[in-house]
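Structure data follow from run34.pdb (PDB, C-alpha atoms):
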MODEL        1
ATOM      1  CA  MET A   1       0.000   0.000   0.000
ATOM      2  CA  HIS A   2       1.061   3.548  -0.582
ATOM      3  CA  ASP A   3      -0.450   6.125   1.761
ATOM      4  CA  PRO A   4      -1.255   9.786   0.930
ATOM      5  CA  GLN A   5       1.875  10.976   2.809
ATOM      6  CA  ASP A   6       4.076   8.964   0.393
ATOM      7  CA  GLY A   7       4.638   6.146   2.879
ATOM      8  CA  TRP A   8       4.927   2.471   1.982
ATOM      9  CA  TRP A   9       3.126  -0.268   3.934
ATOM     10  CA  LEU A  10       2.762  -4.039   3.749
ATOM     11  CA  VAL A  11      -0.716  -5.325   4.614
ATOM     12  CA  LEU A  12      -0.554  -8.079   7.253
ATOM     13  CA  THR A  13      -4.289  -8.625   7.695
ATOM     14  CA  PRO A  14      -5.469 -11.679   5.750
ATOM     15  CA  ALA A  15      -7.253 -10.751   2.525
ATOM     16  CA  CYS A  16     -10.341 -12.758   3.526
ATOM     17  CA  ASP A  17     -10.779 -10.486   6.573
ATOM     18  CA  ILE A  18     -10.797  -7.241   4.572
ATOM     19  CA  TYR A  19     -12.678  -8.413   1.465
ATOM     20  CA  GLU A  20     -16.134  -6.981   0.938
ATOM     21  CA  ASP A  21     -18.559  -6.915  -1.956
ATOM     22  CA  LEU A  22     -18.991  -3.751  -3.979
ATOM     23  CA  PRO A  23     -22.021  -1.661  -2.995
ATOM     24  CA  SER A  24     -23.631  -2.497  -6.365
ATOM     25  CA  GLY A  25     -23.960  -6.182  -5.596
ATOM     26  CA  GLY A  26     -23.585  -8.765  -2.849
ATOM     27  CA  ASN A  27     -23.859  -8.405   0.894
ATOM     28  CA  ARG A  28     -20.504  -9.543   2.221
ATOM     29  CA  ALA A  29     -18.997  -7.062   4.680
ATOM     30  CA  ALA A  30     -15.356  -7.011   5.779
ATOM     31  CA  LYS A  31     -14.657  -8.974   8.973
ATOM     32  CA  ALA A  32     -11.870  -6.639  10.108
ATOM     33  CA  GLU A  33     -12.607  -3.133  11.294
ATOM     34  CA  TYR A  34      -8.883  -2.327  11.222
ATOM     35  CA  VAL A  35      -6.107  -3.314   8.829
ATOM     36  CA  ARG A  36      -2.754  -4.337  10.316
ATOM     37  CA  LEU A  37       0.178  -2.779   8.427
ATOM     38  CA  ALA A  38       3.973  -3.083   8.619
ATOM     39  CA  LYS A  39       6.040  -0.026   7.682
ATOM     40  CA  ALA A  40       8.274  -0.247   4.636
ATOM     41  CA  VAL A  41      10.884   2.272   3.535
ATOM     42  CA  PRO A  42      12.956   2.496   0.381
ATOM     43  CA  LEU A  43      16.064   0.426   1.073
ATOM     44  CA  SER A  44      18.312   3.417   0.317
ATOM     45  CA  GLU A  45      16.579   5.324   3.161
ATOM     46  CA  ALA A  46      16.716   2.530   5.752
ATOM     47  CA  PRO A  47      18.423   3.743   8.956
ATOM     48  CA  LEU A  48      21.089   1.002   8.961
ATOM     49  CA  ILE A  49      21.970   1.695   5.322
ATOM     50  CA  ALA A  50      22.041   5.460   6.002
ATOM     51  CA  ARG A  51      24.477   4.940   8.927
ATOM     52  CA  TRP A  52      26.712   2.821   6.718
ATOM     53  CA  ILE A  53      26.706   5.517   3.997
ATOM     54  CA  GLU A  54      27.381   8.275   6.579
ATOM     55  CA  ALA A  55      30.365   6.260   7.809
ATOM     56  CA  GLY A  56      31.831   6.479   4.311
ATOM     57  CA  SER A  57      30.578   3.058   3.092
ATOM     58  CA  PRO A  58      33.460   1.108   4.621
ATOM     59  CA  THR A  59      34.044  -2.309   3.135
ATOM     60  CA  LYS A  60      34.993  -5.219   5.373
ATOM     61  CA  GLY A  61      34.805  -5.461   9.139
ATOM     62  CA  SER A  62      33.081  -2.198  10.044
ATOM     63  CA  ARG A  63      30.268  -2.166  12.601
ATOM     64  CA  GLU A  64      28.054  -0.144  10.250
ATOM     65  CA  ARG A  65      28.542  -2.540   7.340
ATOM     66  CA  ASN A  66      27.901  -5.602   9.511
ATOM     67  CA  ALA A  67      24.702  -4.047  10.895
ATOM     68  CA  ALA A  68      23.502  -3.218   7.369
ATOM     69  CA  LEU A  69      24.235  -6.772   6.215
ATOM     70  CA  GLU A  70      22.119  -8.180   9.085
ATOM     71  CA  MET A  71      19.017  -6.938   7.248
ATOM     72  CA  PHE A  72      19.724  -9.367   4.397
ATOM     73  CA  ARG A  73      19.898 -12.541   6.525
ATOM     74  CA  ASP A  74      17.115 -15.030   5.835
ATOM     75  CA  ASN A  75      16.674 -15.712   9.548
ATOM     76  CA  ASN A  76      16.293 -12.044  10.489
ATOM     77  CA  ALA A  77      12.753 -11.867  11.891
ATOM     78  CA  ARG A  78      12.627  -8.066  12.113
ATOM     79  CA  TYR A  79      13.423  -7.116   8.511
ATOM     80  CA  ARG A  80      12.410  -8.411   5.095
ATOM     81  CA  ILE A  81      13.350  -6.921   1.763
ATOM     82  CA  LEU A  82      10.932  -6.586  -1.123
ATOM     83  CA  PRO A  83      12.788  -6.265  -4.426
ATOM     84  CA  LYS A  84      12.102  -3.406  -6.826
ATOM     85  CA  TYR A  85       9.122  -3.883  -9.126
ATOM     86  CA  LEU A  86       8.185  -1.420 -11.877
ATOM     87  CA  ASP A  87       7.868   1.986 -10.123
ATOM     88  CA  ILE A  88       8.142   0.532  -6.609
ATOM     89  CA  PRO A  89      11.679   0.863  -5.192
ATOM     90  CA  ASP A  90      13.500  -1.840  -3.232
ATOM     91  CA  LEU A  91      11.703  -1.748   0.124
ATOM     92  CA  LEU A  92      12.761  -2.727   3.609
ATOM     93  CA  VAL A  93       9.816  -3.973   5.693
ATOM     94  CA  ASP A  94      10.312  -3.456   9.440
ATOM     95  CA  PHE A  95       8.109  -5.748  11.538
ATOM     96  CA  GLU A  96       8.781  -3.669  14.669
ATOM     97  CA  ILE A  97       6.925  -0.729  13.120
ATOM     98  CA  VAL A  98       3.397  -2.086  12.860
ATOM     99  CA  GLN A  99       0.104  -0.277  13.267
ATOM    100  CA  SER A 100      -3.614  -0.776  12.855
ATOM    101  CA  VAL A 101      -5.482   1.661  10.644
ATOM    102  CA  PRO A 102      -9.263   1.816  10.145
ATOM    103  CA  SER A 103     -10.291  -0.182   7.074
ATOM    104  CA  ALA A 104     -12.230   2.770   5.679
ATOM    105  CA  GLU A 105      -9.080   4.916   5.715
ATOM    106  CA  VAL A 106      -6.887   2.245   4.117
ATOM    107  CA  ARG A 107      -9.382   1.827   1.263
ATOM    108  CA  SER A 108      -8.471   5.336   0.091
ATOM    109  CA  TRP A 109      -4.776   4.431  -0.212
ATOM    110  CA  ALA A 110      -3.189   3.242  -3.445
ATOM    111  CA  ARG A 111      -2.863  -0.508  -3.745
ATOM    112  CA  VAL A 112       0.345  -0.883  -5.746
ATOM    113  CA  ALA A 113       1.150  -4.603  -5.727
ATOM    114  CA  THR A 114       0.349  -7.957  -4.181
ATOM    115  CA  PRO A 115       3.235 -10.263  -3.243
ATOM    116  CA  ASP A 116       2.972 -13.647  -4.916
ATOM    117  CA  SER A 117       3.178 -16.936  -3.101
ATOM    118  CA  PRO A 118       5.497 -17.930  -1.413
ATOM    119  CA  PHE A 119       6.665 -14.328  -0.733
ATOM    120  CA  ALA A 120       3.395 -13.316   0.927
ATOM    121  CA  GLU A 121       3.563 -16.341   3.228
ATOM    122  CA  ALA A 122       7.235 -15.641   4.002
ATOM    123  CA  MET A 123       6.332 -12.087   5.050
ATOM    124  CA  LEU A 124       3.561 -13.327   7.344
ATOM    125  CA  THR A 125       5.863 -15.965   8.819
ATOM    126  CA  SER A 126       8.497 -13.314   9.556
ATOM    127  CA  HIS A 127       5.894 -11.126  11.208
ATOM    128  CA  GLY A 128       4.709 -14.100  13.253
ATOM    129  CA  HIS A 129       8.255 -14.860  14.379
ATOM    130  CA  MET A 130       8.694 -11.241  15.433
ATOM    131  CA  VAL A 131       5.495 -10.902  17.469
ATOM    132  CA  ALA A 132       5.084 -14.448  18.767
ATOM    133  CA  ARG A 133       8.619 -15.198  19.865
ATOM    134  CA  ILE A 134       9.073 -16.259  23.450
ATOM    135  CA  GLY A 135      11.794 -14.416  25.303
ATOM    136  CA  THR A 136      13.756 -16.597  27.692
ATOM    137  CA  PRO A 137      16.514 -15.712  30.152
ATOM    138  CA  VAL A 138      20.063 -16.713  29.398
ATOM    139  CA  VAL A 139      20.648 -20.015  31.169
ATOM    140  CA  ASP A 140      24.098 -20.779  32.559
ATOM    141  CA  TYR A 141      24.462 -24.381  31.434
ATOM    142  CA  GLU A 142      28.098 -24.507  32.572
ATOM    143  CA  ASN A 143      26.950 -23.934  36.153
ATOM    144  CA  ILE A 144      24.387 -26.747  35.891
ATOM    145  CA  LYS A 145      26.903 -29.152  34.312
ATOM    146  CA  GLN A 146      29.424 -28.315  37.060
ATOM    147  CA  SER A 147      26.909 -28.974  39.839
ATOM    148  CA  LEU A 148      26.001 -32.342  38.307
ATOM    149  CA  GLY A 149      29.613 -33.341  37.748
ATOM    150  CA  LEU A 150      29.229 -33.334  33.978
ATOM    151  CA  ASP A 151      32.061 -30.857  33.507
ATOM    152  CA  GLY A 152      34.706 -33.586  33.833
ATOM    153  CA  LYS A 153      35.818 -32.469  37.310
ATOM    154  CA  GLY A 154      33.498 -34.670  39.359
ATOM    155  CA  LYS A 155      30.457 -33.763  41.416
ATOM    156  CA  THR A 156      30.425 -30.783  43.715
ATOM    157  CA  THR A 157      30.644 -31.367  47.473
ATOM    158  CA  ASP A 158      26.945 -30.672  47.983
ATOM    159  CA  GLN A 159      25.432 -33.463  45.846
ATOM    160  CA  ASN A 160      21.839 -32.242  46.308
ATOM    161  CA  SER A 161      22.451 -28.612  45.487
ATOM    162  CA  VAL A 162      21.681 -27.565  41.938
ATOM    163  CA  PRO A 163      22.030 -23.789  41.709
ATOM    164  CA  SER A 164      19.505 -21.675  39.906
ATOM    165  CA  PRO A 165      20.165 -21.767  36.157
ATOM    166  CA  ARG A 166      20.125 -17.965  36.221
ATOM    167  CA  THR A 167      23.080 -17.982  38.577
ATOM    168  CA  THR A 168      26.374 -17.528  36.786
ATOM    169  CA  THR A 169      29.267 -19.902  37.293
ATOM    170  CA  LYS A 170      31.217 -17.053  38.891
ATOM    171  CA  ASP A 171      28.357 -16.406  41.364
ATOM    172  CA  ALA A 172      28.171 -20.114  42.270
ATOM    173  CA  GLN A 173      31.914 -20.259  42.944
ATOM    174  CA  GLN A 174      31.695 -17.261  45.310
ATOM    175  CA  SER A 175      28.922 -18.785  47.447
TER     176      SER A 175
ENDMDL
END

Will you turn the file into structure tokens for me?
Amino acid sequence: MHDPQDGWWLVLTPACDIYEDLPSGGNRAAKAEYVRLAKAVPLSEAPLIARWIEAGSPTKGSRERNAALEMFRDNNARYRILPKYLDIPDLLVDFEIVQSVPSAEVRSWARVATPDSPFAEAMLTSHGHMVARIGTPVVDYENIKQSLGLDGKGKTTDQNSVPSPRTTTKDAQQS
């Protein structure tokens, strides 16, 4: 979608939820009152690319270049790139910038393209990974292995004590 302020958006709401019959015939109304959208920006204007350019476009080993390259990884859940098509520039979709807009408002925006399968499904999967991921604490497995004697040094003196997995090995050694 292309909004009146010249912004690019990827529709995340399933098509079946926003479909409705034309007023001239049929009686099917849209199921969704709001349309869920992910922000997209021309790749050349993406913040990580802009920082890399401002840094003088260094080649290998720079922090700015490495950060910019992260956007191109297949397993990056936050960003997806839509390649240029006709008058649409290369776009970077950012699944952290998502909003819901009333369906009536979105209907006035320009619909410029529809991603084909499997690209549409890949976009929805990326969005799902971003919003449905489960955050877990960092577990100190070395501490657990040490307390069980699996570290190759034998069991600890207190055989029944298994420290909290959130406790670091250094903390366990101090206690």

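The coordinates place CA of Ile144 (chain A) at 28.6 Å from CA of Ala132 (chain A).
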
Original post:
Exactly which residues make up the result of the PyMOL selection byres ((chain A and resi 101-115) around 9) on this file, given as number ranges by chain?
Top reply: A: 1-4, 18, 30, 32-37, 82, 85, 88, 99-100, 116-121

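CA of Val93 (chain A) lies 9.8 Å from CA of Met71 (chain A).
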
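The space separating CA of Trp52 (chain A) from CA of Ala67 (chain A) comes to 8.3 Å.
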
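Compared by their closest atoms to Lys39 (chain A), and using all atoms listed in the file, the residues A:Pro137, A:Pro89, A:Leu12, A:Met130 rank with A:Leu12 nearest.
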
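Distances here use only C-alpha atoms; by that measure, the residue among A:Lys153, A:Arg73, A:Arg80, A:Lys145 closest to Ala122 (chain A) is A:Arg80.
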
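Counting only C-alpha atoms, the residue from A:Asn143, A:Asn76, A:Ser44, A:Asn27 that sits nearest to His127 (chain A) is A:Asn76.
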
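Ranking A:Ala50, A:Ile97, A:Leu148, A:Ala15 by their shortest atom-to-atom distance to Val131 (chain A), with only C-alpha atoms included, puts A:Ile97 first.
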
**OP:** Give me the residues within 12 Å of Leu48 (chain A) as a PyMOL selection string, counting only C-alpha atoms and dropping any in the same chain fewer than 5 places off.
**Re:** chain A and resi 41-43+53-55+57+63-72+79+92+94

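Among A:Glu142, A:Asp90, A:Asp21, A:Asp74, the residue with the shortest atom-to-atom distance to Trp8 (chain A), counting only C-alpha atoms, is A:Asp90.
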